[in-house]
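Report on one structure; see the data block that follows.
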Amino acid sequence: AAERLLGTPVQGTGNETVFSPTDDERANATFVILCRNSDLGGTIQSLREIEDRFNRRYRYPYVLLNEEEFTEEFKKRISVLTPAKIEFGVIPREHWYQPDWIDEDKAKAGREAMEKKNIIYGGSVSYRNMCRFNSGFFFKHPLLQKYRWYWRIEPDVHFHCDINYDPFKFMEKNKKVYSFTITMYEYEATIPTMWGHVKDFVKLHPEYIAKDNSLGFMSNNGGDSYNLCHFWSNFEIADLDFWRAPAYTAFFDYLDAQGGFYYERWGDAPVHSIAAGLFASRDQIQFFDDIGYEHSPYTHCPQSSGAWAAGRCSCDQARSFDYDGYSCMRKWDDFMGK
Ligand code: GDP
Ligand code: MN
């Protein structure tokens with residue numbers, strides 16, 4: 001019955017009639033949610049919101065990933081929420097846990113030093129596993145192989161506006177590879193040596209650097225140092241083939257071999273951002289102003305009043321993070337010549 005509804009009118013939020021796309025009209029895309037069994041409540045909330053604001057009309061599938069088996073209870077409580085296809089996957093051990101070649105004494109010393117400095121997740125091994133997985137492995141998961149595009153969603157986030165078009169199709173049509181809603185400064189203490197390794201990689205592989213790249217957004221001195229601006233990767237709509245391509249494969253392998261995911265606390269956000277900034281041209285990176293998005297403690301609320309009204313947004317435009325002192329949005333605007 002669910003299949004028969006596709007391509008036929010369904011009632012929208014207002015007077016308009018909205019149409020669910022057919023398989024041909026949809027992109028080859030999926031939502032991806034990495035979470036634990038204990039994240040059930042937050043995952044239900046995020047999934048309900050993206051269904052209400054977007055996916056009840058589009059019916060894109062979901063892939064939920066976890067390093068442990070999801071419980072029957074978890075699967076039942078998630079599956080009831082949507083008619084869209086949902087797949088639950090276990091992450092292969094070698095994609096998640098700290099590799100044997102990491103010097104655990106050195107890693108432990110790094111964690112303890114960070115914990116002393118009160119750096120968020122500074123002492124956590126599981127957080128490091130997660131960051132490394134999101135950097136180099138999620139797109140290798142068997143359940144994602146059939147897809148070209150993904151939308152990353154986390155437990156406990158909010159979608160504040162109706163999304164009245166298909167962002168996946170937008171990405172595809174406009175040849176985008178990466179997108180964001182929030183950009184900010186990284187904690188330098190989590191990545192003290194990362195930029196040095198990035199520079200070494202660029203020297204080794206100048207052939208991977210895109211012509212019209214975004215180095216000017218990430219560095220104020222022509223690449224000498226990193227200004228810490230990155231895209232907040234808890235929201236991502238992006239091209240899986242960008243991560244699967246030779247440039248990013250070589251980049252991730254090079255960074256991984258430095259051990260910084262464990263000796264320091266490298267986040268997937270700077271890793272993805274620097275890669276998109278170097279290996280894609282600037283016009284392949286999309287800022288979605290019209291997607292109202294909240295991940296505590298920050299919210300992006302559409303700055304265009306037209307988009308805010310058309311999206312029936314529940315967020316306060318005046319409290320959008322965009323022009324907060326900690327945001328890199330101004331820098332992005334300047335860089336893009338806006
Ligand atoms: P933050 O956004 O940087 O504060 O980090 P989160 O705690 O939100 O974690 C980022 C993402 O990874 C979320 O989707 C979490 O559900 C997920 N995550 C974090 N740690 C683990 C873990 O140990 N196991 C699993 N399965 N998911 C995790
Ligand atoms: Mn989070």
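Identifiers in the structure tokens: chain A, B, ... in order shown; residue index from 1 per chain; ligand index from 1 in order shown.
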Item checked: Nearby residues, ligand 2, 9 Å, only C-alpha atoms and all ligand atoms, as an NGL selection string -> :A and (154-157 or 234 or 295-296)
Next item on the list: For Asp212 (chain A), list every protein, DNA or RNA residue within 9 Å, evaluated using only C-alpha atoms, and leave out those in the same chain fewer than 2 positions away; present the list as a list of chain:residue names.
Entry: A:Ile209, A:Ala210, A:Ser214, A:Leu215, A:Leu278, A:Ala280, A:Ser281, A:Arg282, A:Asp283
Take the residues that were just selected and, keeping N, CA and C atoms, output them as a CSV table (one decimal), in the first residue's frame.
chain,number,residue,atom,x,y,z
A,209,ILE,N,44.8,18.6,-5.5
A,209,ILE,CA,44.2,19.8,-5.1
A,209,ILE,C,43.3,20.5,-6.2
A,210,ALA,N,42.1,20.8,-5.8
A,210,ALA,CA,41.2,21.4,-6.8
A,210,ALA,C,41.6,22.8,-7.2
A,214,SER,N,39.0,25.9,-1.5
A,214,SER,CA,38.6,26.8,-0.5
A,214,SER,C,39.7,27.0,0.6
A,215,LEU,N,41.0,26.9,0.1
A,215,LEU,CA,42.1,27.2,1.1
A,215,LEU,C,41.9,28.6,1.7
A,278,LEU,N,39.9,21.3,0.1
A,278,LEU,CA,41.1,21.2,-0.8
A,278,LEU,C,40.8,20.4,-2.1
A,280,ALA,N,37.7,19.7,-3.5
A,280,ALA,CA,36.5,20.2,-4.3
A,280,ALA,C,36.7,21.6,-4.6
A,281,SER,N,36.0,22.1,-5.6
A,281,SER,CA,36.1,23.5,-5.9
A,281,SER,C,35.1,24.2,-5.0
A,282,ARG,N,35.3,25.5,-4.8
A,282,ARG,CA,34.4,26.2,-3.8
A,282,ARG,C,32.9,26.1,-4.2
A,283,ASP,N,32.6,26.1,-5.5
A,283,ASP,CA,31.2,26.1,-5.9
A,283,ASP,C,30.6,24.7,-5.8
Using only C-alpha atoms and all ligand atoms, find each residue of chain A with at least one atom at most 7 Å away from an atom of ligand 1; report its shortest atom-to-atom pair and that distance in Å (one decimal), sort the rows by chain and rising residue number, and return the result as a tab-separated table.
residue	atom	partner	partner_atom_place_in_ligand_line	distance
A:Ile33	CA	ligand 1	14 (O)	6.0
A:Leu34	CA	ligand 1	14 (O)	4.5
A:Cys35	CA	ligand 1	16 (O)	3.6
A:Arg36	CA	ligand 1	26 (N)	4.1
A:Asp39	CA	ligand 1	16 (O)	6.4
A:Leu65	CA	ligand 1	26 (N)	6.5
A:Asn66	CA	ligand 1	26 (N)	3.7
A:Glu67	CA	ligand 1	26 (N)	5.1
A:Glu68	CA	ligand 1	26 (N)	6.8
A:Ser126	CA	ligand 1	23 (O)	4.8
A:Tyr127	CA	ligand 1	20 (N)	5.2
A:Met130	CA	ligand 1	20 (N)	5.4
A:Ile153	CA	ligand 1	14 (O)	6.7
A:Glu154	CA	ligand 1	14 (O)	3.9
A:Pro155	CA	ligand 1	16 (O)	5.6
A:Asn234	CA	ligand 1	2 (O)	6.2
Notebook entry, point to check: Any idea what the distance is between CA of Lys203 (chain A) and CA of Asn220 (chain A)?
Noted result: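 Result for CA of Lys203 (chain A) versus CA of Asn220 (chain A): 19.0 Å, one decimal.
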Item checked: A:Asp289, A:Glu236, A:Asp105, A:Glu87 ranked by distance to Leu64 (chain A), top pick (using only C-alpha atoms) -> A:Glu87
Notebook entry, point to check: In Å to one decimal, how far is CA of Thr299 (chain A) from CA of Phe159 (chain A)?
Noted result: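 These atoms are spaced 9.5 Å apart.
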Next item on the list: Write out as a PyMOL selection string each polymer residue whose atoms come within 12 Å of Gly325 (chain A), counting only C-alpha atoms; drop sequence neighbours fewer than 4 positions from it.
Entry: chain A and resi 183-185+320-321+329-331
Check: Which residues, written as an NGL selection string, have at least one atom at most 12 Å from Glu115 (chain A), with only C-alpha atoms counted and residues fewer than 4 positions away on the same chain left out?
Finding: :A and (108-111 or 119-125 or 189-190 or 264-265)
Margin query: DSSP on the backbone, alpha helix (DSSP H) only: what residues of region 134-334 of chain A does that give? Format it as number ranges by chain.
Written below: A: 134-136, 167-173, 194-204, 215-218, 240-244, 246-258, 260-263, 268-279, 305-310, 329-334
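By only C-alpha atoms, and with residues fewer than 2 positions from Ala238 (chain A) along its chain excluded, the set lying at most 9 Å from it is Arg148, Trp149, Tyr150, Trp151, Arg152, Phe168, Met171, Lys176, Val177, Tyr178, Ser179, Glu236, Leu240, Asp241 and Phe242 of chain A.
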Since we have the selection now, will you write its residues out, keeping N, CA and C atoms, as an mmCIF file, in the first residue's frame?
data_model
loop_
_atom_site.group_PDB
_atom_site.id
_atom_site.type_symbol
_atom_site.label_atom_id
_atom_site.label_comp_id
_atom_site.auth_asym_id
_atom_site.auth_seq_id
_atom_site.Cartn_x
_atom_site.Cartn_y
_atom_site.Cartn_z
ATOM 1 N N ARG A 148 24.663 6.696 -3.514
ATOM 2 C CA ARG A 148 25.582 7.741 -3.958
ATOM 3 C C ARG A 148 25.580 8.933 -2.989
ATOM 4 N N TRP A 149 24.408 9.235 -2.390
ATOM 5 C CA TRP A 149 24.263 10.427 -1.552
ATOM 6 C C TRP A 149 23.817 10.050 -0.153
ATOM 7 N N TYR A 150 24.204 10.817 0.837
ATOM 8 C CA TYR A 150 23.710 10.573 2.202
ATOM 9 C C TYR A 150 23.438 11.894 2.889
ATOM 10 N N TRP A 151 22.603 11.783 3.893
ATOM 11 C CA TRP A 151 22.283 12.905 4.781
ATOM 12 C C TRP A 151 22.540 12.387 6.178
ATOM 13 N N ARG A 152 23.533 12.961 6.832
ATOM 14 C CA ARG A 152 23.861 12.511 8.193
ATOM 15 C C ARG A 152 22.944 13.181 9.198
ATOM 16 N N PHE A 168 18.820 16.463 -1.952
ATOM 17 C CA PHE A 168 19.681 15.501 -2.651
ATOM 18 C C PHE A 168 19.700 15.809 -4.147
ATOM 19 N N MET A 171 21.692 18.831 -4.882
ATOM 20 C CA MET A 171 23.128 18.539 -4.890
ATOM 21 C C MET A 171 23.528 17.909 -6.229
ATOM 22 N N LYS A 176 27.160 19.492 -6.701
ATOM 23 C CA LYS A 176 27.739 19.752 -5.384
ATOM 24 C C LYS A 176 28.299 18.448 -4.823
ATOM 25 N N VAL A 177 29.257 18.543 -3.929
ATOM 26 C CA VAL A 177 29.732 17.324 -3.268
ATOM 27 C C VAL A 177 29.555 17.370 -1.751
ATOM 28 N N TYR A 178 29.484 18.579 -1.176
ATOM 29 C CA TYR A 178 29.432 18.692 0.280
ATOM 30 C C TYR A 178 28.564 19.883 0.661
ATOM 31 N N SER A 179 27.888 19.775 1.802
ATOM 32 C CA SER A 179 27.032 20.892 2.210
ATOM 33 C C SER A 179 27.041 21.053 3.719
ATOM 34 N N GLU A 236 25.298 16.797 7.541
ATOM 35 C CA GLU A 236 25.974 16.729 6.250
ATOM 36 C C GLU A 236 25.003 16.159 5.241
ATOM 37 N N LEU A 240 28.800 10.404 -1.398
ATOM 38 C CA LEU A 240 29.628 9.303 -0.883
ATOM 39 C C LEU A 240 30.823 9.039 -1.794
ATOM 40 N N ASP A 241 30.640 9.274 -3.091
ATOM 41 C CA ASP A 241 31.742 9.013 -4.027
ATOM 42 C C ASP A 241 32.910 9.984 -3.825
ATOM 43 N N PHE A 242 32.641 11.130 -3.216
ATOM 44 C CA PHE A 242 33.740 12.048 -2.906
ATOM 45 C C PHE A 242 34.681 11.412 -1.865
#
Margin query: Need the shell around Thr193 (chain A): protein/DNA/RNA residues with any atom at most 8 Å away, counting only C-alpha atoms. Skip same-chain ones fewer than 3 positions apart. Format as an MDAnalysis selection string?
Written below: chainID A and resid 196:197 260
Would you export the selected residues with C-alpha atoms as a CSV table (one decimal), in the first residue's frame, please?
chain,number,residue,atom,x,y,z
A,196,GLY,CA,51.3,20.2,9.6
A,197,HIS,CA,50.3,16.8,8.3
A,260,GLY,CA,46.3,11.7,15.5
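If only C-alpha atoms are the atoms counted, then among A:Trp232, A:Phe217, A:Trp243, A:Tyr326 the closest residue to Asp268 (chain A) is A:Trp232.
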Notebook entry, point to check: In terms of the shortest atom-to-atom distance over only C-alpha atoms, which of A:Cys161, A:Leu144, A:Met218, A:Val202 is closest to Glu51 (chain A)?
Noted result: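 Distance minimum relative to Glu51 (chain A) lands on A:Cys161.
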Next item on the list: Check the smallest atom-to-atom distance from each of A:Gln145, A:Asn164, A:Ser225, A:Ser38 to Glu188 (chain A) using only C-alpha atoms, then report the winner.
Entry: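 Between A:Gln145, A:Asn164, A:Ser225, A:Ser38, the residue approaching Glu188 (chain A) most closely is A:Ser225.
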Next item on the list: Apply DSSP to the backbone of this structure and, from region 85-252 of chain A, keep only the residues in strand (DSSP E); write these as a list of chain:residue names.
Entry: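 Those residues are A:Ile86, A:Glu87, A:Phe88, A:Gly89, A:Val90, A:Trp149, A:Tyr150, A:Trp151, A:Arg152, A:Ile153, A:His158, A:Phe159, A:Tyr178, A:Ser179, A:Phe180, A:Thr183, A:Met184, A:Tyr185, A:Cys229, A:His230, A:Phe231, A:Glu236, A:Ile237, A:Ala238, A:Asp239.
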